[in-house]
>>> print(open('target.tsv').read())   # TSV, C-alpha atoms
chain	number	residue	atom	x	y	z
A	283	MET	CA	0.00	0.00	0.00
A	284	PHE	CA	1.11	3.54	-0.64
A	285	SER	CA	0.00	7.01	0.36
A	286	GLU	CA	-0.25	10.14	-1.76
A	287	LEU	CA	1.76	13.22	-0.80
A	288	LYS	CA	1.66	16.81	-1.99
A	289	PHE	CA	4.38	19.39	-1.37
A	290	PRO	CA	3.53	23.11	-1.80
A	291	MET	CA	5.73	24.96	-4.31
A	292	PRO	CA	5.81	28.63	-5.34
A	293	TRP	CA	4.14	27.69	-8.63
A	294	GLY	CA	1.75	25.04	-7.25
A	295	HIS	CA	2.76	21.68	-5.84
A	296	VAL	CA	4.91	18.61	-6.40
A	297	ALA	CA	3.00	15.34	-6.03
A	298	ALA	CA	4.49	12.12	-4.74
A	299	LYS	CA	3.56	8.71	-3.42
A	300	ALA	CA	5.15	6.96	-0.45
A	301	TRP	CA	5.65	3.39	0.68
A	302	GLY	CA	6.88	1.98	3.97
A	303	PRO	CA	7.32	3.30	7.52
A	304	SER	CA	8.03	7.02	7.74
A	305	GLU	CA	10.72	6.32	10.33
A	306	GLY	CA	12.56	3.97	7.97
A	307	HIS	CA	15.69	4.77	5.98
A	308	PRO	CA	14.62	7.54	3.53
A	309	VAL	CA	14.83	6.84	-0.20
A	310	LEU	CA	13.79	9.51	-2.71
A	311	CYS	CA	12.84	7.98	-6.07
A	312	LEU	CA	13.22	10.00	-9.29
A	313	HIS	CA	11.52	8.96	-12.52
A	314	GLY	CA	12.67	9.38	-16.12
A	315	TRP	CA	11.91	12.03	-18.73
A	316	LEU	CA	8.15	12.36	-19.47
A	317	ASP	CA	7.40	9.50	-17.04
A	318	ASN	CA	5.99	9.74	-13.50
A	319	ALA	CA	6.20	8.20	-10.03
A	320	ASN	CA	4.27	5.11	-11.13
A	321	THR	CA	7.42	3.91	-12.88
A	322	PHE	CA	8.44	2.43	-9.50
A	323	ASP	CA	5.11	0.70	-8.75
A	324	LYS	CA	6.33	-2.82	-9.49
A	325	LEU	CA	9.86	-2.41	-8.17
A	326	ILE	CA	9.38	-0.89	-4.72
A	327	PRO	CA	7.21	-3.76	-3.33
A	328	LEU	CA	10.20	-6.04	-4.01
A	329	LEU	CA	12.68	-3.86	-2.09
A	330	PRO	CA	13.46	-3.89	1.68
A	331	ARG	CA	10.37	-3.04	3.71
A	332	GLY	CA	12.30	-1.18	6.36
A	333	CYS	CA	12.90	1.79	4.05
A	334	TYR	CA	10.63	4.79	3.49
A	335	TYR	CA	10.30	5.30	-0.25
A	336	VAL	CA	9.01	8.60	-1.64
A	337	ALA	CA	8.57	8.67	-5.42
A	338	MET	CA	8.01	12.21	-6.63
A	339	ASP	CA	6.57	13.53	-9.89
A	340	PHE	CA	8.93	16.14	-11.32
A	341	SER	CA	7.32	19.48	-12.15
A	342	GLY	CA	5.25	19.18	-15.32
A	343	HIS	CA	4.98	15.41	-14.93
A	344	GLY	CA	2.40	13.08	-13.42
A	345	LEU	CA	0.19	14.85	-10.88
A	346	SER	CA	2.61	17.71	-10.17
A	347	SER	CA	1.84	21.30	-11.15
A	348	HIS	CA	3.14	22.65	-14.43
A	349	ARG	CA	5.70	25.41	-14.23
A	350	PRO	CA	4.35	28.95	-14.74
A	351	ALA	CA	3.91	30.36	-18.22
A	352	GLY	CA	7.18	31.66	-19.62
A	353	CYS	CA	9.33	29.20	-17.64
A	354	PRO	CA	11.10	26.49	-19.66
A	355	TYR	CA	12.08	23.16	-18.15
A	356	HIS	CA	15.81	23.47	-17.56
A	357	PHE	CA	17.39	20.12	-16.76
A	358	LEU	CA	19.07	21.41	-13.63
A	359	ASP	CA	15.78	22.90	-12.40
A	360	TYR	CA	14.75	19.31	-11.68
A	361	VAL	CA	17.58	19.28	-9.14
A	362	THR	CA	15.81	22.19	-7.46
A	363	ASP	CA	12.63	20.09	-7.32
A	364	VAL	CA	14.59	17.43	-5.46
A	365	ARG	CA	16.02	19.96	-3.03
A	366	ARG	CA	12.60	21.43	-2.30
A	367	VAL	CA	11.02	18.03	-1.65
A	368	ALA	CA	13.91	16.95	0.58
A	369	ALA	CA	13.55	20.20	2.56
A	370	ALA	CA	9.80	19.66	2.92
A	371	LEU	CA	10.46	16.15	4.24
A	372	GLN	CA	13.19	17.54	6.53
A	373	TRP	CA	15.63	14.97	5.20
A	374	ARG	CA	19.33	15.69	5.66
A	375	ARG	CA	20.78	12.30	4.69
A	376	PHE	CA	18.93	10.03	2.31
A	377	THR	CA	19.32	7.71	-0.66
A	378	LEU	CA	18.49	8.88	-4.18
A	379	MET	CA	17.17	6.23	-6.58
A	380	GLY	CA	16.69	7.43	-10.14
A	381	HIS	CA	15.72	5.94	-13.48
A	382	SER	CA	17.12	7.42	-16.69
A	383	MET	CA	16.82	11.22	-16.36
A	384	GLY	CA	16.17	10.74	-12.65
A	385	GLY	CA	19.53	9.01	-12.32
A	386	ALA	CA	21.23	11.93	-14.06
A	387	VAL	CA	19.48	14.38	-11.73
A	388	ALA	CA	20.60	12.32	-8.72
A	389	GLY	CA	24.25	12.56	-9.72
A	390	MET	CA	24.25	16.17	-10.82
A	391	ASP	CA	26.49	18.75	-9.17
A	392	THR	CA	23.82	21.23	-8.11
A	393	GLU	CA	26.22	24.16	-8.16
A	394	ALA	CA	27.21	23.66	-11.79
A	395	TRP	CA	24.38	25.67	-13.38
A	396	LEU	CA	24.65	26.14	-17.12
A	397	LYS	CA	23.04	28.66	-19.45
A	398	SER	CA	20.11	27.51	-21.58
A	399	LYS	CA	20.41	27.49	-25.31
A	400	ARG	CA	18.68	30.24	-27.25
A	401	ARG	CA	16.68	27.78	-29.35
A	402	VAL	CA	14.95	26.40	-26.24
A	403	ILE	CA	13.60	29.87	-25.43
A	404	ASP	CA	12.53	30.38	-29.06
A	405	LYS	CA	10.60	27.10	-29.05
A	406	LEU	CA	8.95	28.02	-25.76
A	407	LEU	CA	7.75	31.36	-27.12
A	408	SER	CA	6.43	29.68	-30.24
A	409	LEU	CA	4.52	27.08	-28.24
A	410	GLU	CA	2.96	29.67	-25.95
A	411	ALA	CA	1.90	31.75	-28.96
A	412	LYS	CA	0.00	28.79	-30.41
A	413	GLN	CA	-1.88	28.10	-27.13
A	414	GLN	CA	-2.93	24.69	-28.35
A	415	THR	CA	-5.62	22.77	-26.49
A	416	PRO	CA	-4.29	19.38	-25.35
A	417	LYS	CA	-5.44	16.61	-27.66
A	418	ALA	CA	-7.78	13.97	-26.24
A	419	TRP	CA	-7.25	10.29	-27.01
A	420	SER	CA	-9.23	7.11	-26.53
A	421	PRO	CA	-7.65	4.83	-23.87
A	422	GLU	CA	-6.49	2.45	-26.59
A	423	ALA	CA	-5.01	5.23	-28.74
A	424	ALA	CA	-3.32	6.87	-25.76
A	425	LEU	CA	-1.63	3.60	-24.84
A	426	GLN	CA	-0.67	2.86	-28.43
A	427	ARG	CA	0.88	6.31	-28.84
A	428	LEU	CA	2.87	5.85	-25.64
A	429	LEU	CA	4.15	2.45	-26.76
A	430	GLU	CA	5.11	3.76	-30.20
A	431	ALA	CA	7.16	6.52	-28.58
A	432	ASN	CA	8.77	4.08	-26.11
A	433	SER	CA	9.80	0.87	-27.85
A	434	HIS	CA	11.34	-0.43	-24.59
A	435	LEU	CA	7.99	-0.22	-22.77
A	436	THR	CA	5.57	-3.15	-22.48
A	437	ALA	CA	1.79	-2.75	-22.73
A	438	GLU	CA	1.49	-3.46	-18.99
A	439	GLY	CA	4.13	-0.87	-18.15
A	440	GLY	CA	2.52	1.67	-20.45
A	441	ALA	CA	-0.86	1.15	-18.80
A	442	ILE	CA	0.73	1.69	-15.37
A	443	LEU	CA	2.29	4.98	-16.50
A	444	LEU	CA	-1.00	6.14	-18.05
A	445	GLN	CA	-2.83	5.68	-14.74
A	446	ARG	CA	-0.94	8.68	-13.44
A	447	GLY	CA	0.18	10.24	-16.70
A	448	ALA	CA	-3.26	11.02	-18.17
A	449	THR	CA	-6.58	12.43	-17.00
A	450	GLU	CA	-9.99	11.33	-18.26
A	451	THR	CA	-12.09	14.14	-19.77
A	452	PRO	CA	-15.45	14.07	-21.61
A	453	ALA	CA	-13.49	14.11	-24.87
A	454	GLY	CA	-11.13	11.30	-23.84
A	455	LEU	CA	-7.75	10.90	-22.14
A	456	VAL	CA	-5.47	13.94	-21.99
A	457	TYR	CA	-1.81	13.54	-21.11
A	458	ASN	CA	-0.92	15.24	-17.82
A	459	ARG	CA	2.60	16.25	-18.77
A	460	ASP	CA	3.27	19.84	-19.67
A	461	MET	CA	4.09	20.11	-23.38
A	462	ARG	CA	6.95	22.45	-22.47
A	463	ALA	CA	8.71	19.49	-20.89
A	464	ARG	CA	9.28	18.12	-24.40
A	465	MET	CA	11.58	21.10	-25.05
A	466	GLN	CA	13.94	20.06	-22.28
A	467	SER	CA	17.02	22.25	-22.19
A	468	ARG	CA	20.03	20.25	-23.35
A	469	GLU	CA	22.64	21.40	-20.89
A	470	PHE	CA	25.77	19.35	-21.44
A	471	PHE	CA	28.99	18.90	-19.55
A	472	THR	CA	32.18	18.01	-21.35
A	473	VAL	CA	33.56	14.49	-20.95
A	474	GLU	CA	36.31	15.89	-18.72
A	475	GLN	CA	33.76	17.63	-16.48
A	476	CYS	CA	31.71	14.43	-16.15
A	477	VAL	CA	34.76	12.44	-15.07
A	478	LYS	CA	35.72	15.15	-12.56
A	479	LEU	CA	32.22	15.08	-11.08
A	480	LEU	CA	32.37	11.29	-10.72
A	481	GLN	CA	35.74	11.51	-9.01
A	482	LYS	CA	34.38	13.97	-6.45
A	483	ILE	CA	31.45	11.78	-5.35
A	484	GLN	CA	32.18	10.50	-1.84
A	485	ASP	CA	29.02	8.48	-1.14
A	486	ARG	CA	28.49	4.88	-2.18
A	487	VAL	CA	26.91	4.75	-5.64
A	488	LEU	CA	25.22	1.93	-7.55
A	489	ILE	CA	24.81	2.32	-11.32
A	490	ILE	CA	22.68	-0.27	-13.13
A	491	ILE	CA	22.91	-0.48	-16.92
A	492	SER	CA	20.52	-2.64	-18.94
A	493	GLN	CA	22.19	-4.53	-21.78
A	494	ASP	CA	19.62	-3.35	-24.32
A	495	GLY	CA	19.10	0.13	-22.87
A	496	LEU	CA	19.04	3.47	-24.66
A	497	LEU	CA	22.54	4.68	-23.80
A	498	VAL	CA	24.45	1.43	-24.29
A	499	PRO	CA	27.23	2.27	-26.78
A	500	HIS	CA	26.39	-0.48	-29.27
A	501	ASN	CA	22.79	0.77	-29.43
A	502	LEU	CA	23.72	4.37	-30.15
A	503	PRO	CA	23.80	5.90	-33.65
A	504	SER	CA	27.28	6.37	-35.06
A	505	ARG	CA	26.98	10.16	-34.73
A	506	ASN	CA	26.57	9.96	-30.96
A	507	HIS	CA	30.18	10.11	-29.86
A	508	PHE	CA	29.64	11.61	-26.40
A	509	VAL	CA	28.53	8.47	-24.51
A	510	LYS	CA	31.26	6.38	-26.12
A	511	ALA	CA	33.88	8.99	-25.29
A	512	LEU	CA	32.54	9.24	-21.73
A	513	GLN	CA	32.76	5.47	-21.28
A	514	GLU	CA	36.34	5.42	-22.55
A	515	ALA	CA	37.30	8.32	-20.29
A	516	PHE	CA	35.57	6.68	-17.32
A	517	GLU	CA	37.45	3.40	-17.85
A	518	SER	CA	40.81	5.10	-18.40
A	519	ASN	CA	40.43	7.08	-15.16
A	520	LEU	CA	39.63	4.16	-12.89
A	521	LYS	CA	42.02	4.14	-9.99
A	522	GLU	CA	41.06	0.70	-8.73
A	523	VAL	CA	39.00	-1.90	-10.57
A	524	ARG	CA	37.86	-5.19	-9.13
A	525	ALA	CA	35.52	-7.43	-11.11
A	526	ASN	CA	33.26	-9.69	-9.07
A	527	VAL	CA	30.66	-12.11	-10.37
A	528	ILE	CA	27.53	-11.82	-8.24
A	529	LEU	CA	24.27	-13.70	-8.62
A	530	ALA	CA	21.96	-13.26	-5.64
A	531	PRO	CA	19.92	-16.38	-4.70
A	532	ARG	CA	16.60	-14.54	-4.88
A	533	LEU	CA	17.58	-13.02	-8.21
A	534	ALA	CA	18.48	-16.47	-9.56
A	535	THR	CA	15.11	-17.84	-8.47
A	536	ASN	CA	13.13	-15.02	-10.05
A	537	LEU	CA	15.06	-14.95	-13.29
A	538	GLY	CA	14.57	-18.65	-14.01
A	539	ALA	CA	16.21	-19.50	-17.30
A	540	ALA	CA	17.68	-16.03	-17.58
A	541	ALA	CA	19.56	-16.58	-14.34
A	542	GLY	CA	22.31	-18.27	-16.30
A	543	LYS	CA	23.49	-14.84	-17.42
A	544	GLN	CA	26.01	-13.70	-14.84
A	545	LEU	CA	25.89	-10.15	-13.54
A	546	THR	CA	29.25	-8.44	-13.34
A	547	LEU	CA	29.66	-5.72	-10.74
A	548	VAL	CA	32.74	-3.54	-11.00
A	549	ASP	CA	33.97	-1.52	-8.01
A	550	THR	CA	35.57	1.68	-9.25
A	551	LEU	CA	36.89	5.04	-8.13
A	552	HIS	CA	38.09	4.26	-4.58
A	553	GLU	CA	35.81	1.20	-4.56
A	554	HIS	CA	32.68	3.20	-3.70
A	555	ILE	CA	31.01	3.16	-7.14
A	556	GLN	CA	29.46	-0.13	-8.26
A	557	LEU	CA	28.48	-0.75	-11.88
A	558	ALA	CA	26.04	-3.57	-12.61
A	559	GLN	CA	24.99	-4.79	-16.06
A	560	VAL	CA	21.69	-6.66	-16.29
A	561	PRO	CA	19.66	-8.18	-19.11
A	562	GLY	CA	16.69	-6.12	-20.21
A	563	SER	CA	15.60	-2.86	-21.82
A	564	HIS	CA	15.55	0.78	-20.74
A	565	PHE	CA	12.44	0.09	-18.63
A	566	VAL	CA	13.76	-3.13	-17.05
A	567	HIS	CA	12.79	-1.84	-13.58
A	568	LEU	CA	9.16	-1.59	-14.70
A	569	ASN	CA	8.97	-4.47	-17.20
A	570	GLU	CA	10.96	-7.00	-15.15
A	571	PRO	CA	11.55	-5.53	-11.66
A	572	GLU	CA	12.80	-8.86	-10.31
A	573	VAL	CA	15.90	-8.50	-12.50
A	574	VAL	CA	17.13	-5.49	-10.49
A	575	SER	CA	15.33	-5.82	-7.15
A	576	GLY	CA	17.91	-8.21	-5.70
A	577	ILE	CA	20.84	-5.97	-6.60
A	578	ILE	CA	19.13	-2.86	-5.21
A	579	SER	CA	17.99	-4.68	-2.07
A	580	ASN	CA	21.54	-5.82	-1.34
A	581	PHE	CA	22.76	-2.26	-1.84
A	582	LEU	CA	20.10	-0.73	0.41
A	583	THR	CA	20.64	-3.22	3.22
A	584	ALA	CA	24.44	-2.93	3.18
A	585	GLN	CA	26.01	-1.65	6.38
A	586	ASN	CA	26.15	2.14	6.74
A	587	THR	CA	24.15	2.80	3.58
A	588	ARG	CA	24.94	6.28	2.26
A	589	ALA	CA	24.12	6.19	-1.38
A	590	ARG	CA	22.72	7.40	-4.62
A	591	LEU	CA	21.18	4.98	-7.12
>>> encode(input="target.tsv", output="structure tokens")
Amino acid sequence: MFSELKFPMPWGHVAAKAWGPSEGHPVLCLHGWLDNANTFDKLIPLLPRGCYYVAMDFSGHGLSSHRPAGCPYHFLDYVTDVRRVAAALQWRRFTLMGHSMGGAVAGMDTEAWLKSKRRVIDKLLSLEAKQQTPKAWSPEAALQRLLEANSHLTAEGGAILLQRGATETPAGLVYNRDMRARMQSREFFTVEQCVKLLQKIQDRVLIIISQDGLLVPHNLPSRNHFVKALQEAFESNLKEVRANVILAPRLATNLGAAAGKQLTLVDTLHEHIQLAQVPGSHFVHLNEPEVVSGIISNFLTAQNTRARL
């Protein structure tokens, strides 16, 4: 069972849902781009029950308020959302668990603000000038459109996201997300800056990469050199690397035939960053939560947990 939360913001509110005892170890869960808190619905029930999980909807997503007119969705503004929610919960030390964009937000240096690109502002002004009424869809069409835009998503996962990602109107289902969120500001760091940020992280970190995910180098178009360059730079800057083959008993049971695929965890950068590769797609946590639940559970229950996921 979960409870709904709502945190007042200057522009409205940030919605969230919570699982577990409020006195438990705090875990703030951050969803991916254009998704919502329901992305963790199937995963969290499989994780340690002693933790208090709060899955928030970023501004302009799910049941959270849209940002005011004239305000674009800067990537680093999502970091501000996290800070505001943590302050409202009065959390000083907590675990961040993020999927896709949420993972990037969790690892972002909040002081490294970057300027938005001019074209983002131009697109925002153009969209506001049009003042288009959100299009209504039949439930079947809304789901089909979501699946066509997310090839890694299953029909079940898409239906779960739609429960919170769309509102029923007399004309049909209308997506809840603010259309301005589609014009997300692309604020990039250089490869060197990314490596420097990783080297400065002091907390324990677990990074899970799905073998058929979006940002796996062999799945990227040839023109996308950044991720490949980042991976090479990351590997060349490892100070200590220890490869361990880990296959948790519960994970082996749940995976069945797929359990034969070993999961390699690599301890890097002073042995406090763990990298795990698992079979599955970009939405493996939603499509097949049992694939990652064992790894995350072991991480959360480790002694002196101080981490970002």
>>> residues_around(input="target.tsv", residues="Val296 in chain A", least_positions_apart="5", cutoff="12 Å", atoms="all atoms listed in the file", output="MDAnalysis selection string")
chainID A and resid 286:291 318:319 336:349 360 362:368 370
>>> residues_around(input="target.tsv", residues="Arg464 in chain A", least_positions_apart="2", cutoff="9 Å", atoms="all atoms listed in the file", output="ChimeraX atom specification")
/A:315-316,355,459-462,466
>>> residues_near_point(input="target.tsv", point="(-6.7, 14.6, -20.8)", cutoff="12 Å", atoms="only C-alpha atoms", output="PyMOL selection string")
chain A and resi 344+415-421+424+444-460
>>> write_last_selection(input="target.tsv", atoms="C-alpha atoms", output="PDB file, keeping the file's coordinate frame")
ATOM      1  CA  GLY A 344       2.400  13.080 -13.420  1.00  0.00           C
ATOM      2  CA  THR A 415      -5.620  22.770 -26.490  1.00  0.00           C
ATOM      3  CA  PRO A 416      -4.290  19.380 -25.350  1.00  0.00           C
ATOM      4  CA  LYS A 417      -5.440  16.610 -27.660  1.00  0.00           C
ATOM      5  CA  ALA A 418      -7.780  13.970 -26.240  1.00  0.00           C
ATOM      6  CA  TRP A 419      -7.250  10.290 -27.010  1.00  0.00           C
ATOM      7  CA  SER A 420      -9.230   7.110 -26.530  1.00  0.00           C
ATOM      8  CA  PRO A 421      -7.650   4.830 -23.870  1.00  0.00           C
ATOM      9  CA  ALA A 424      -3.320   6.870 -25.760  1.00  0.00           C
ATOM     10  CA  LEU A 444      -1.000   6.140 -18.050  1.00  0.00           C
ATOM     11  CA  GLN A 445      -2.830   5.680 -14.740  1.00  0.00           C
ATOM     12  CA  ARG A 446      -0.940   8.680 -13.440  1.00  0.00           C
ATOM     13  CA  GLY A 447       0.180  10.240 -16.700  1.00  0.00           C
ATOM     14  CA  ALA A 448      -3.260  11.020 -18.170  1.00  0.00           C
ATOM     15  CA  THR A 449      -6.580  12.430 -17.000  1.00  0.00           C
ATOM     16  CA  GLU A 450      -9.990  11.330 -18.260  1.00  0.00           C
ATOM     17  CA  THR A 451     -12.090  14.140 -19.770  1.00  0.00           C
ATOM     18  CA  PRO A 452     -15.450  14.070 -21.610  1.00  0.00           C
ATOM     19  CA  ALA A 453     -13.490  14.110 -24.870  1.00  0.00           C
ATOM     20  CA  GLY A 454     -11.130  11.300 -23.840  1.00  0.00           C
ATOM     21  CA  LEU A 455      -7.750  10.900 -22.140  1.00  0.00           C
ATOM     22  CA  VAL A 456      -5.470  13.940 -21.990  1.00  0.00           C
ATOM     23  CA  TYR A 457      -1.810  13.540 -21.110  1.00  0.00           C
ATOM     24  CA  ASN A 458      -0.920  15.240 -17.820  1.00  0.00           C
ATOM     25  CA  ARG A 459       2.600  16.250 -18.770  1.00  0.00           C
ATOM     26  CA  ASP A 460       3.270  19.840 -19.670  1.00  0.00           C
TER      27      ASP A 460
END
>>> atom_distance(input="target.tsv", atom1="CA of Ala431 in chain A", atom2="CA of Asn320 in chain A")
17.7 Å
>>> atom_distance(input="target.tsv", atom1="CA of Pro327 in chain A", atom2="CA of Trp301 in chain A")
8.3 Å
>>> atom_distance(input="target.tsv", atom1="CA of Pro308 in chain A", atom2="CA of Asn569 in chain A")
24.6 Å
>>> residues_around(input="target.tsv", residues="Met390 in chain A", least_positions_apart="6", cutoff="12 Å", atoms="all atoms listed in the file", output="compact mmCIF listing (two decimals) with C-alpha atoms, in the frame of the given file")
# COMPACT_ATOMS: atom_id res chain seq x y z
CA PHE A 357 17.39 20.12 -16.76
CA LEU A 358 19.07 21.41 -13.63
CA ASP A 359 15.78 22.90 -12.40
CA TYR A 360 14.75 19.31 -11.68
CA VAL A 361 17.58 19.28 -9.14
CA THR A 362 15.81 22.19 -7.46
CA VAL A 364 14.59 17.43 -5.46
CA ARG A 365 16.02 19.96 -3.03
CA LEU A 378 18.49 8.88 -4.18
CA GLY A 380 16.69 7.43 -10.14
CA MET A 383 16.82 11.22 -16.36
CA GLY A 384 16.17 10.74 -12.65
CA LEU A 396 24.65 26.14 -17.12
CA GLU A 469 22.64 21.40 -20.89
CA PHE A 470 25.77 19.35 -21.44
CA PHE A 471 28.99 18.90 -19.55
CA GLN A 475 33.76 17.63 -16.48
CA CYS A 476 31.71 14.43 -16.15
CA VAL A 477 34.76 12.44 -15.07
CA LYS A 478 35.72 15.15 -12.56
CA LEU A 479 32.22 15.08 -11.08
CA LEU A 480 32.37 11.29 -10.72
CA LYS A 482 34.38 13.97 -6.45
CA ILE A 483 31.45 11.78 -5.35
CA ARG A 590 22.72 7.40 -4.62
>>> residues_around(input="target.tsv", residues="Phe322 in chain A", least_positions_apart="5", cutoff="12 Å", atoms="all atoms listed in the file", output="count of residues only")
36
>>> closest_residue(input="target.tsv", among="A:Ile326, A:Ala423, A:Leu429, A:Ile578", to="Val560 in chain A", atoms="all atoms listed in the file")
A:Ile578
>>> decode(input="target.tsv", residues="range 554-562 of chain A", atoms="all heavy atoms", output="CSV table (one decimal), in the first residue's frame")
chain,number,residue,atom,x,y,z
A,554,HIS,N,34.0,2.8,-4.2
A,554,HIS,CA,32.7,3.2,-3.7
A,554,HIS,C,31.6,3.3,-4.8
A,554,HIS,O,30.5,3.6,-4.5
A,554,HIS,CB,32.8,4.5,-2.9
A,554,HIS,CG,33.1,5.7,-3.8
A,554,HIS,ND1,34.4,6.0,-4.1
A,554,HIS,CD2,32.4,6.6,-4.4
A,554,HIS,CE1,34.4,7.1,-4.8
A,554,HIS,NE2,33.2,7.5,-5.0
A,555,ILE,N,32.0,3.1,-6.0
A,555,ILE,CA,31.0,3.2,-7.1
A,555,ILE,C,30.9,1.8,-7.7
A,555,ILE,O,31.9,1.2,-8.2
A,555,ILE,CB,31.4,4.1,-8.2
A,555,ILE,CG1,31.5,5.6,-7.7
A,555,ILE,CG2,30.4,4.1,-9.4
A,555,ILE,CD1,31.8,6.6,-8.7
A,556,GLN,N,29.7,1.2,-7.7
A,556,GLN,CA,29.5,-0.1,-8.3
A,556,GLN,C,28.7,0.0,-9.6
A,556,GLN,O,27.7,0.8,-9.7
A,556,GLN,CB,28.6,-1.0,-7.3
A,556,GLN,CG,29.4,-1.4,-6.0
A,556,GLN,CD,28.5,-2.3,-5.2
A,556,GLN,OE1,27.4,-1.9,-4.8
A,556,GLN,NE2,29.0,-3.4,-4.8
A,557,LEU,N,29.1,-0.7,-10.6
A,557,LEU,CA,28.5,-0.8,-11.9
A,557,LEU,C,28.0,-2.2,-12.1
A,557,LEU,O,28.7,-3.1,-12.1
A,557,LEU,CB,29.5,-0.3,-13.0
A,557,LEU,CG,29.0,-0.4,-14.4
A,557,LEU,CD1,27.9,0.6,-14.6
A,557,LEU,CD2,30.1,-0.1,-15.4
A,558,ALA,N,26.7,-2.3,-12.4
A,558,ALA,CA,26.0,-3.6,-12.6
A,558,ALA,C,25.4,-3.6,-14.0
A,558,ALA,O,24.7,-2.6,-14.3
A,558,ALA,CB,25.0,-3.9,-11.5
A,559,GLN,N,25.6,-4.6,-14.8
A,559,GLN,CA,25.0,-4.8,-16.1
A,559,GLN,C,24.0,-5.9,-15.9
A,559,GLN,O,24.3,-7.0,-15.5
A,559,GLN,CB,26.0,-5.1,-17.1
A,559,GLN,CG,26.9,-3.9,-17.5
A,559,GLN,CD,27.8,-4.2,-18.7
A,559,GLN,OE1,28.0,-5.3,-19.1
A,559,GLN,NE2,28.3,-3.1,-19.3
A,560,VAL,N,22.8,-5.7,-16.4
A,560,VAL,CA,21.7,-6.7,-16.3
A,560,VAL,C,21.0,-6.8,-17.6
A,560,VAL,O,21.0,-5.9,-18.5
A,560,VAL,CB,20.6,-6.2,-15.2
A,560,VAL,CG1,21.3,-6.1,-13.9
A,560,VAL,CG2,19.9,-4.9,-15.7
A,561,PRO,N,20.4,-8.0,-17.9
A,561,PRO,CA,19.7,-8.2,-19.1
A,561,PRO,C,18.4,-7.4,-19.1
A,561,PRO,O,17.8,-7.2,-18.0
A,561,PRO,CB,19.4,-9.7,-19.1
A,561,PRO,CG,19.4,-10.1,-17.7
A,561,PRO,CD,20.5,-9.2,-17.1
A,562,GLY,N,17.9,-6.9,-20.2
A,562,GLY,CA,16.7,-6.1,-20.2
A,562,GLY,C,16.8,-4.8,-21.0
A,562,GLY,O,17.9,-4.5,-21.5
